[in-house]
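Asker: The structure's right below; bear with me while I get my questions together.
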There are 2 protein chains.
Amino acid sequence: MKDNFLNYNNYVSVDCVVLGYNEVENKLQVLLIKQKGPAPNTSELFKPQFAIPGDLIKEEESLDEAAARILEDLANVKGLFLEQFYTFGHPDRVKDPKDADWLSTRRKDPLARVITVAYLALVRIDQINPSAGYFAEQTVWRSIKKIPKLAFDHNTIVAKALDIIREHPEQHIVGRELLPNKFTLSQLQNLYEVIQNKELDKRNFRKSIKNNEYLITLDEKQKGVLHKPAQYYAFKKPKK
Amino acid sequence: MKDNFLNYNNYVSVDCVVLGYNEVENKLQVLLIKQKGPAPNTSELFKPQFAIPGDLIKEEESLDEAAARILEDLANVKGLFLEQFYTFGHPDRVKDPKDADWLSTRRKDPLARVITVAYLALVRIDQINPSAGYFAEQTVWRSIKKIPKLAFDHNTIVAKALDIIREHPEQHIVGRELLPNKFTLSQLQNLYEVIQNKELDKRNFRKSIKNNEYLITLDEKQKGVLHKPAQYYAFKKPKK
DNA sequence: ATACTTATTGTATTTTGTACAATAAGTGAT
DNA sequence: ATCACTTATTGTACAAAATACAATAAGTAT
């Protein structure tokens, strides 16, 4: 049975697609990091690229824990929505020459294969404070409509995350994750429109959303707006 | 940046939940292997368990290729429906003492963590010929209603696969995978009933299934049956 | 011709999705 | 107090899809 004895190394990482929303700009954005070089100005060859945050898993942590750690390191928040959605493991996914410099500063064996388990995270942009961590020069939010060329196969990973959230927005109860604790139905509708990238009819949207078992009407209205004040709503906590 | 240099080993495997169906027994079954010991009768300690087929990935193959290889080794078939559905990587998932003996015959480092990418495969039981391979003493089909205790976390993996096929049977076009090339609507309905574990109304089932763009009516009927012969149907090939 | 078995089909009802516009409730200006 | 302005809120008619329910059809065997 020698066949099955491992004689090469697999790196395993977790990459997080962090989707953020704020009502003012009314845009869905993805959190990117600018890769950090080996040391300031020591390598003229190193061309930092944008990437989604990710890291190799540690020996004693589960995949879910790794995703939470990466997100916490980066955004200083805990307890966010996090969902594993796909694992990318093509042998060549880290073999592109453009990625070689960065890998050589980070890996004992820069050519070794890296299998990455991808997670989706939903956050309110105004609730978190992304900070460049030990693995990032800086962090930036970018509209999902203007995503630059990313390192490795990260464009593919982001695209798959967007497919998933668009397929089942109500399943992810995106409202709970991406809106303030109290919100109006117009805010909720704006969010759905941004995610689905199409306009929805107000009356029909309200009819359908009111079937949502988690939506509750608060005893509070908007104040100080230059128009009819809107009713506030909230989401119930799920049971689990 | 020493933090990120890997100083431990991750094994990465692919495990396949192979679901099979045959119309005679009208049961959905899962393909299990009986683990093979190090050598016949040399280890009195080794207690073989049932498990789903899986194997460590090879250095040059993608995850999809690994799944196809495992299935081909086991079942001597190619080109079956295969879908990645979840990755299991808890640090303790291979640490149960009951699994230690088997691992010690298979791994340089039996205590090392194994991250496994799980795939779902759908097969027609009468079309494949499972053969005990280099990693199995024997293979058996077991009804999904009577799954024994399996090695590692394989019961959890099978349960998740069943959740997925039940959620979206039509998305997996289970008919194409689990029925003969030509079939009657009653056969198709039986299959759906077994998967969803509930009875369906004949008239309503037929109304809904006939919206399926892939279903075509053949120019052929049953022969030699003791009742009104049924029309045969088939599925169109998907475009892709 | 009859008994038997499974295949096939329709209708009424409910629920859900879609298209579409008038009225309500605040603010600030006059 | 009235009016202009802005966004919030709601209903109705129609189409499409889901559900409940039973009679007739087409073979075989006797």
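Labels for the structure tokens follow display order: chains A, B, ..., residues from 1 in each chain, ligands from 1.
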Return as a list in words the residues belonging to chain A that are within 12 Å of chain C, counting only C-alpha atoms (C1' of nucleotides).
Answerer: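 The contacting residues on chain A are Leu200, Asp201, Lys202, Arg203, Asn204, Phe205, Lys207, Ser208, Asn211, Lys221, Gln222, Lys223, Gly224, Val225, Leu226, His227, Lys228, Pro229, Ala230 and Gln231 of chain A.
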Asker: Write a file of the selected residues as an mmCIF file, in the first residue's frame, keeping N, CA and C atoms.
Answerer:
data_model
loop_
_atom_site.group_PDB
_atom_site.id
_atom_site.type_symbol
_atom_site.label_atom_id
_atom_site.label_comp_id
_atom_site.auth_asym_id
_atom_site.auth_seq_id
_atom_site.Cartn_x
_atom_site.Cartn_y
_atom_site.Cartn_z
ATOM 1 N N LEU A 200 -37.171 46.297 -8.698
ATOM 2 C CA LEU A 200 -38.311 45.507 -8.248
ATOM 3 C C LEU A 200 -39.495 46.443 -8.036
ATOM 4 N N ASP A 201 -40.674 45.926 -8.219
ATOM 5 C CA ASP A 201 -41.887 46.716 -7.982
ATOM 6 C C ASP A 201 -42.150 46.823 -6.481
ATOM 7 N N LYS A 202 -42.409 48.067 -6.029
ATOM 8 C CA LYS A 202 -42.595 48.277 -4.587
ATOM 9 C C LYS A 202 -43.711 47.423 -4.015
ATOM 10 N N ARG A 203 -44.855 47.452 -4.654
ATOM 11 C CA ARG A 203 -46.004 46.754 -4.090
ATOM 12 C C ARG A 203 -45.772 45.253 -4.028
ATOM 13 N N ASN A 204 -45.229 44.715 -5.115
ATOM 14 C CA ASN A 204 -45.012 43.273 -5.141
ATOM 15 C C ASN A 204 -43.901 42.854 -4.183
ATOM 16 N N PHE A 205 -42.866 43.707 -4.100
ATOM 17 C CA PHE A 205 -41.786 43.386 -3.161
ATOM 18 C C PHE A 205 -42.327 43.299 -1.739
ATOM 19 N N LYS A 207 -45.388 42.746 -0.766
ATOM 20 C CA LYS A 207 -46.261 41.589 -0.587
ATOM 21 C C LYS A 207 -45.440 40.333 -0.302
ATOM 22 N N SER A 208 -44.388 40.138 -1.084
ATOM 23 C CA SER A 208 -43.632 38.899 -0.936
ATOM 24 C C SER A 208 -42.793 38.906 0.344
ATOM 25 N N ASN A 211 -44.191 37.791 3.773
ATOM 26 C CA ASN A 211 -44.322 36.372 4.113
ATOM 27 C C ASN A 211 -43.123 35.878 4.904
ATOM 28 N N LYS A 221 -41.096 54.823 14.028
ATOM 29 C CA LYS A 221 -41.055 55.365 12.667
ATOM 30 C C LYS A 221 -39.862 56.275 12.496
ATOM 31 N N GLN A 222 -39.553 56.525 11.241
ATOM 32 C CA GLN A 222 -38.521 57.518 10.933
ATOM 33 C C GLN A 222 -38.906 58.861 11.536
ATOM 34 N N LYS A 223 -37.894 59.675 11.831
ATOM 35 C CA LYS A 223 -38.169 61.044 12.300
ATOM 36 C C LYS A 223 -37.293 62.027 11.534
ATOM 37 N N GLY A 224 -37.842 63.223 11.331
ATOM 38 C CA GLY A 224 -37.038 64.298 10.761
ATOM 39 C C GLY A 224 -36.763 64.177 9.271
ATOM 40 N N VAL A 225 -37.479 63.309 8.593
ATOM 41 C CA VAL A 225 -37.271 63.219 7.143
ATOM 42 C C VAL A 225 -38.255 64.157 6.429
ATOM 43 N N LEU A 226 -37.893 64.567 5.240
ATOM 44 C CA LEU A 226 -38.681 65.556 4.501
ATOM 45 C C LEU A 226 -39.845 64.918 3.749
ATOM 46 N N HIS A 227 -40.396 63.910 4.292
ATOM 47 C CA HIS A 227 -41.479 63.211 3.588
ATOM 48 C C HIS A 227 -42.198 62.325 4.587
ATOM 49 N N LYS A 228 -43.146 61.587 4.139
ATOM 50 C CA LYS A 228 -43.853 60.674 5.037
ATOM 51 C C LYS A 228 -42.860 59.730 5.704
ATOM 52 N N PRO A 229 -42.853 59.655 6.999
ATOM 53 C CA PRO A 229 -41.881 58.811 7.685
ATOM 54 C C PRO A 229 -42.213 57.333 7.490
ATOM 55 N N ALA A 230 -41.158 56.559 7.329
ATOM 56 C CA ALA A 230 -41.358 55.134 7.073
ATOM 57 C C ALA A 230 -41.353 54.339 8.363
ATOM 58 N N GLN A 231 -42.049 53.243 8.327
ATOM 59 C CA GLN A 231 -42.088 52.294 9.435
ATOM 60 C C GLN A 231 -40.745 51.575 9.537
#
Asker: Tell me, as an NGL selection string, which residues lie within 10 Å of His154 of chain A, counting only C-alpha atoms (C1' of nucleotides); anything in the same chain fewer than 6 positions away does not count.
Answerer: :A and (15-17 or 50-53 or 88 or 93 or 118 or 160)
Asker: Which polymer residues have any atom within 7 Å of an atom of Thr139 of chain B, counting only C-alpha atoms (C1' of nucleotides), with same-chain residues fewer than 2 positions away left out, as a PyMOL selection string?
Answerer: chain B and resi 31-34+130-132+136
Asker: Kindly export the residues of the current selection with N, CA and C atoms, as an mmCIF file, in the first residue's frame.
Answerer:
data_model
loop_
_atom_site.group_PDB
_atom_site.id
_atom_site.type_symbol
_atom_site.label_atom_id
_atom_site.label_comp_id
_atom_site.auth_asym_id
_atom_site.auth_seq_id
_atom_site.Cartn_x
_atom_site.Cartn_y
_atom_site.Cartn_z
ATOM 1 N N LEU B 31 -23.271 3.413 -1.888
ATOM 2 C CA LEU B 31 -22.208 2.434 -2.081
ATOM 3 C C LEU B 31 -21.178 2.573 -0.968
ATOM 4 N N LEU B 32 -20.953 1.469 -0.261
ATOM 5 C CA LEU B 32 -19.989 1.481 0.838
ATOM 6 C C LEU B 32 -18.862 0.500 0.548
ATOM 7 N N ILE B 33 -17.747 0.757 1.132
ATOM 8 C CA ILE B 33 -16.658 -0.214 1.057
ATOM 9 C C ILE B 33 -16.390 -0.751 2.456
ATOM 10 N N LYS B 34 -15.927 -1.979 2.478
ATOM 11 C CA LYS B 34 -15.444 -2.552 3.732
ATOM 12 C C LYS B 34 -13.935 -2.371 3.701
ATOM 13 N N PRO B 130 -19.444 -2.540 -9.324
ATOM 14 C CA PRO B 130 -18.448 -2.156 -8.326
ATOM 15 C C PRO B 130 -17.525 -3.316 -8.036
ATOM 16 N N SER B 131 -16.261 -3.040 -7.976
ATOM 17 C CA SER B 131 -15.305 -4.095 -7.676
ATOM 18 C C SER B 131 -14.450 -3.617 -6.523
ATOM 19 N N ALA B 132 -14.198 -4.493 -5.612
ATOM 20 C CA ALA B 132 -13.315 -4.139 -4.520
ATOM 21 C C ALA B 132 -11.971 -3.754 -5.116
ATOM 22 N N ALA B 136 -10.267 -1.535 -0.872
ATOM 23 C CA ALA B 136 -11.467 -2.084 -0.260
ATOM 24 C C ALA B 136 -11.431 -3.608 -0.250
#
Asker: Give the alpha helix (DSSP H) residues of segment 31-219 of chain B, as DSSP finds them on the backbone, and put them as JSON, numbers by chain.
Answerer: {"B": [63, 64, 65, 66, 67, 68, 69, 70, 71, 72, 73, 74, 75, 100, 101, 102, 103, 104, 154, 155, 156, 157, 158, 159, 160, 161, 162, 163, 164, 165, 166, 167, 174, 175, 176, 177, 178, 185, 186, 187, 188, 189, 190, 191, 192, 193, 194, 195, 196, 202, 203, 204, 205, 206, 207, 208, 209]}
Asker: Set the distance at 7 Å and use only C-alpha atoms (C1' of nucleotides): which residues neighbour Leu218 of chain A once local chain neighbours fewer than 5 positions away are removed? I'd like the list as a list in words.
Answerer: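 Once the nearby chain positions are removed, what remains is Tyr232, Tyr233 and Ala234 of chain A.
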Asker: Identify all residues of segment 40-199 of chain B in strand (DSSP E or B) (DSSP on the backbone) and supply them as a PDB file with N, CA, C and O atoms, in the first residue's frame.
Answerer:
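Here's the written file selection_29.pdb:
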ATOM      1  N   PHE B  50     -17.155  -0.078   7.716  1.00  0.00           N
ATOM      2  CA  PHE B  50     -17.685   0.408   6.451  1.00  0.00           C
ATOM      3  C   PHE B  50     -17.326   1.884   6.297  1.00  0.00           C
ATOM      4  O   PHE B  50     -17.175   2.599   7.285  1.00  0.00           O
ATOM      5  N   ALA B  51     -17.188   2.280   5.050  1.00  0.00           N
ATOM      6  CA  ALA B  51     -16.827   3.677   4.779  1.00  0.00           C
ATOM      7  C   ALA B  51     -17.300   4.011   3.374  1.00  0.00           C
ATOM      8  O   ALA B  51     -17.648   3.119   2.597  1.00  0.00           O
ATOM      9  N   GLY B  54     -12.990   6.750  -0.887  1.00  0.00           N
ATOM     10  CA  GLY B  54     -12.246   8.000  -0.940  1.00  0.00           C
ATOM     11  C   GLY B  54     -10.774   7.702  -1.013  1.00  0.00           C
ATOM     12  O   GLY B  54     -10.359   6.561  -0.798  1.00  0.00           O
ATOM     13  N   ASP B  55     -10.009   8.693  -1.322  1.00  0.00           N
ATOM     14  CA  ASP B  55      -8.576   8.484  -1.451  1.00  0.00           C
ATOM     15  C   ASP B  55      -7.880   9.831  -1.359  1.00  0.00           C
ATOM     16  O   ASP B  55      -8.490  10.871  -1.625  1.00  0.00           O
ATOM     17  N   LEU B  56      -6.630   9.787  -0.985  1.00  0.00           N
ATOM     18  CA  LEU B  56      -5.835  11.017  -1.026  1.00  0.00           C
ATOM     19  C   LEU B  56      -5.698  11.484  -2.473  1.00  0.00           C
ATOM     20  O   LEU B  56      -5.640  10.660  -3.391  1.00  0.00           O
ATOM     21  N   PHE B  81     -22.325  11.547 -13.410  1.00  0.00           N
ATOM     22  CA  PHE B  81     -22.612  12.800 -12.713  1.00  0.00           C
ATOM     23  C   PHE B  81     -21.783  12.867 -11.442  1.00  0.00           C
ATOM     24  O   PHE B  81     -21.782  11.935 -10.640  1.00  0.00           O
ATOM     25  N   LEU B  82     -21.100  13.965 -11.269  1.00  0.00           N
ATOM     26  CA  LEU B  82     -20.247  14.145 -10.091  1.00  0.00           C
ATOM     27  C   LEU B  82     -20.301  15.597  -9.675  1.00  0.00           C
ATOM     28  O   LEU B  82     -20.137  16.488 -10.516  1.00  0.00           O
ATOM     29  N   GLU B  83     -20.507  15.837  -8.400  1.00  0.00           N
ATOM     30  CA  GLU B  83     -20.617  17.221  -7.964  1.00  0.00           C
ATOM     31  C   GLU B  83     -19.990  17.407  -6.587  1.00  0.00           C
ATOM     32  O   GLU B  83     -20.325  16.691  -5.642  1.00  0.00           O
ATOM     33  N   GLN B  84     -19.101  18.362  -6.501  1.00  0.00           N
ATOM     34  CA  GLN B  84     -18.525  18.687  -5.196  1.00  0.00           C
ATOM     35  C   GLN B  84     -19.588  19.358  -4.352  1.00  0.00           C
ATOM     36  O   GLN B  84     -20.301  20.229  -4.842  1.00  0.00           O
ATOM     37  N   PHE B  85     -19.715  18.957  -3.080  1.00  0.00           N
ATOM     38  CA  PHE B  85     -20.759  19.611  -2.282  1.00  0.00           C
ATOM     39  C   PHE B  85     -20.318  20.156  -0.942  1.00  0.00           C
ATOM     40  O   PHE B  85     -20.977  21.044  -0.411  1.00  0.00           O
ATOM     41  N   TYR B  86     -19.239  19.697  -0.377  1.00  0.00           N
ATOM     42  CA  TYR B  86     -18.801  20.298   0.882  1.00  0.00           C
ATOM     43  C   TYR B  86     -17.422  19.768   1.232  1.00  0.00           C
ATOM     44  O   TYR B  86     -17.036  18.676   0.805  1.00  0.00           O
ATOM     45  N   THR B  87     -16.715  20.533   2.044  1.00  0.00           N
ATOM     46  CA  THR B  87     -15.391  20.114   2.486  1.00  0.00           C
ATOM     47  C   THR B  87     -15.373  20.006   4.000  1.00  0.00           C
ATOM     48  O   THR B  87     -15.809  20.926   4.695  1.00  0.00           O
ATOM     49  N   PHE B  88     -14.916  18.871   4.456  1.00  0.00           N
ATOM     50  CA  PHE B  88     -14.917  18.570   5.884  1.00  0.00           C
ATOM     51  C   PHE B  88     -13.473  18.596   6.386  1.00  0.00           C
ATOM     52  O   PHE B  88     -12.624  17.881   5.845  1.00  0.00           O
ATOM     53  N   VAL B 114      -6.636  15.163   8.155  1.00  0.00           N
ATOM     54  CA  VAL B 114      -7.044  14.927   6.774  1.00  0.00           C
ATOM     55  C   VAL B 114      -8.242  15.816   6.461  1.00  0.00           C
ATOM     56  O   VAL B 114      -9.283  15.716   7.109  1.00  0.00           O
ATOM     57  N   ILE B 115      -8.059  16.665   5.488  1.00  0.00           N
ATOM     58  CA  ILE B 115      -9.163  17.491   5.019  1.00  0.00           C
ATOM     59  C   ILE B 115      -9.756  16.794   3.812  1.00  0.00           C
ATOM     60  O   ILE B 115      -9.027  16.403   2.886  1.00  0.00           O
ATOM     61  N   THR B 116     -11.053  16.606   3.799  1.00  0.00           N
ATOM     62  CA  THR B 116     -11.635  15.866   2.686  1.00  0.00           C
ATOM     63  C   THR B 116     -12.679  16.678   1.955  1.00  0.00           C
ATOM     64  O   THR B 116     -13.517  17.344   2.562  1.00  0.00           O
ATOM     65  N   VAL B 117     -12.568  16.632   0.634  1.00  0.00           N
ATOM     66  CA  VAL B 117     -13.525  17.312  -0.230  1.00  0.00           C
ATOM     67  C   VAL B 117     -14.529  16.260  -0.673  1.00  0.00           C
ATOM     68  O   VAL B 117     -14.155  15.255  -1.267  1.00  0.00           O
ATOM     69  N   ALA B 118     -15.807  16.495  -0.346  1.00  0.00           N
ATOM     70  CA  ALA B 118     -16.812  15.460  -0.587  1.00  0.00           C
ATOM     71  C   ALA B 118     -17.541  15.693  -1.900  1.00  0.00           C
ATOM     72  O   ALA B 118     -17.904  16.827  -2.230  1.00  0.00           O
ATOM     73  N   TYR B 119     -17.728  14.606  -2.638  1.00  0.00           N
ATOM     74  CA  TYR B 119     -18.437  14.640  -3.913  1.00  0.00           C
ATOM     75  C   TYR B 119     -19.661  13.739  -3.856  1.00  0.00           C
ATOM     76  O   TYR B 119     -19.673  12.722  -3.161  1.00  0.00           O
ATOM     77  N   LEU B 120     -20.647  14.139  -4.623  1.00  0.00           N
ATOM     78  CA  LEU B 120     -21.856  13.349  -4.773  1.00  0.00           C
ATOM     79  C   LEU B 120     -21.865  12.744  -6.172  1.00  0.00           C
ATOM     80  O   LEU B 120     -21.615  13.451  -7.152  1.00  0.00           O
ATOM     81  N   ALA B 121     -22.131  11.442  -6.257  1.00  0.00           N
ATOM     82  CA  ALA B 121     -22.228  10.778  -7.556  1.00  0.00           C
ATOM     83  C   ALA B 121     -23.559  10.050  -7.635  1.00  0.00           C
ATOM     84  O   ALA B 121     -24.022   9.481  -6.653  1.00  0.00           O
ATOM     85  N   LEU B 122     -24.177  10.101  -8.796  1.00  0.00           N
ATOM     86  CA  LEU B 122     -25.438   9.393  -9.003  1.00  0.00           C
ATOM     87  C   LEU B 122     -25.227   8.330 -10.075  1.00  0.00           C
ATOM     88  O   LEU B 122     -24.700   8.613 -11.146  1.00  0.00           O
ATOM     89  N   VAL B 123     -25.638   7.101  -9.773  1.00  0.00           N
ATOM     90  CA  VAL B 123     -25.404   6.006 -10.710  1.00  0.00           C
ATOM     91  C   VAL B 123     -26.607   5.079 -10.777  1.00  0.00           C
ATOM     92  O   VAL B 123     -27.372   4.958  -9.831  1.00  0.00           O
ATOM     93  N   ARG B 124     -26.739   4.424 -11.922  1.00  0.00           N
ATOM     94  CA  ARG B 124     -27.742   3.361 -12.042  1.00  0.00           C
ATOM     95  C   ARG B 124     -27.108   2.069 -11.569  1.00  0.00           C
ATOM     96  O   ARG B 124     -26.107   1.630 -12.112  1.00  0.00           O
ATOM     97  N   ALA B 136     -10.267  -1.535  -0.872  1.00  0.00           N
ATOM     98  CA  ALA B 136     -11.467  -2.084  -0.260  1.00  0.00           C
ATOM     99  C   ALA B 136     -11.431  -3.608  -0.250  1.00  0.00           C
ATOM    100  O   ALA B 136     -10.984  -4.249  -1.190  1.00  0.00           O
ATOM    101  N   GLU B 137     -11.906  -4.150   0.834  1.00  0.00           N
ATOM    102  CA  GLU B 137     -12.066  -5.591   0.946  1.00  0.00           C
ATOM    103  C   GLU B 137     -13.243  -6.039   0.102  1.00  0.00           C
ATOM    104  O   GLU B 137     -13.200  -7.041  -0.590  1.00  0.00           O
ATOM    105  N   GLN B 138     -14.301  -5.277   0.182  1.00  0.00           N
ATOM    106  CA  GLN B 138     -15.483  -5.563  -0.618  1.00  0.00           C
ATOM    107  C   GLN B 138     -16.322  -4.288  -0.713  1.00  0.00           C
ATOM    108  O   GLN B 138     -16.101  -3.329   0.029  1.00  0.00           O
ATOM    109  N   THR B 139     -17.246  -4.313  -1.642  1.00  0.00           N
ATOM    110  CA  THR B 139     -18.157  -3.174  -1.743  1.00  0.00           C
ATOM    111  C   THR B 139     -19.579  -3.674  -1.565  1.00  0.00           C
ATOM    112  O   THR B 139     -19.903  -4.794  -1.957  1.00  0.00           O
ATOM    113  N   VAL B 140     -20.402  -2.835  -0.946  1.00  0.00           N
ATOM    114  CA  VAL B 140     -21.801  -3.219  -0.738  1.00  0.00           C
ATOM    115  C   VAL B 140     -22.702  -2.020  -0.964  1.00  0.00           C
ATOM    116  O   VAL B 140     -22.315  -0.874  -0.739  1.00  0.00           O
ATOM    117  N   TRP B 141     -23.900  -2.321  -1.439  1.00  0.00           N
ATOM    118  CA  TRP B 141     -24.932  -1.293  -1.500  1.00  0.00           C
ATOM    119  C   TRP B 141     -25.770  -1.389  -0.241  1.00  0.00           C
ATOM    120  O   TRP B 141     -26.163  -2.473   0.156  1.00  0.00           O
ATOM    121  N   ARG B 142     -26.068  -0.253   0.363  1.00  0.00           N
ATOM    122  CA  ARG B 142     -26.919  -0.239   1.535  1.00  0.00           C
ATOM    123  C   ARG B 142     -28.018   0.799   1.350  1.00  0.00           C
ATOM    124  O   ARG B 142     -27.740   1.925   0.920  1.00  0.00           O
ATOM    125  N   SER B 143     -29.219   0.408   1.702  1.00  0.00           N
ATOM    126  CA  SER B 143     -30.327   1.359   1.631  1.00  0.00           C
ATOM    127  C   SER B 143     -30.011   2.598   2.466  1.00  0.00           C
ATOM    128  O   SER B 143     -29.457   2.500   3.557  1.00  0.00           O
ATOM    129  N   LEU B 150     -20.344   4.326  10.149  1.00  0.00           N
ATOM    130  CA  LEU B 150     -19.252   4.371   9.192  1.00  0.00           C
ATOM    131  C   LEU B 150     -17.980   4.929   9.825  1.00  0.00           C
ATOM    132  O   LEU B 150     -18.026   5.524  10.901  1.00  0.00           O
ATOM    133  N   PHE B 183     -37.699   5.318 -20.187  1.00  0.00           N
ATOM    134  CA  PHE B 183     -38.374   5.035 -18.918  1.00  0.00           C
ATOM    135  C   PHE B 183     -39.804   5.545 -19.023  1.00  0.00           C
ATOM    136  O   PHE B 183     -40.132   6.355 -19.895  1.00  0.00           O
TER     137      PHE B 183
END
Asker: Between atom CA of Lys198 of chain A and atom CA of Lys182 of chain A, measure the distance and give it in Å to one decimal.
Answerer: 24.0 Å
Asker: Per residue of chain D within 9 Å of chain A, note the shortest atom pair and the distance in Å to one decimal, counting only C-alpha atoms (C1' of nucleotides), and order the rows by chain and increasing residue number, as CSV.
Answerer:
residue,atom,partner,partner_atom,distance
D:DC5,C1',A:His227,CA,8.0
D:DT6,C1',A:His227,CA,5.0
D:DT7,C1',A:His227,CA,5.4
D:DA8,C1',A:Ala230,CA,5.8
D:DT9,C1',A:Arg203,CA,8.6
D:DT10,C1',A:Arg203,CA,7.7
Asker: To one decimal place in Å, what is the distance between atom CA of Leu103 of chain A and atom CA of Asp153 of chain A?
Answerer: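 Spanning atom CA of Leu103 of chain A to atom CA of Asp153 of chain A is a straight-line distance of 13.9 Å.
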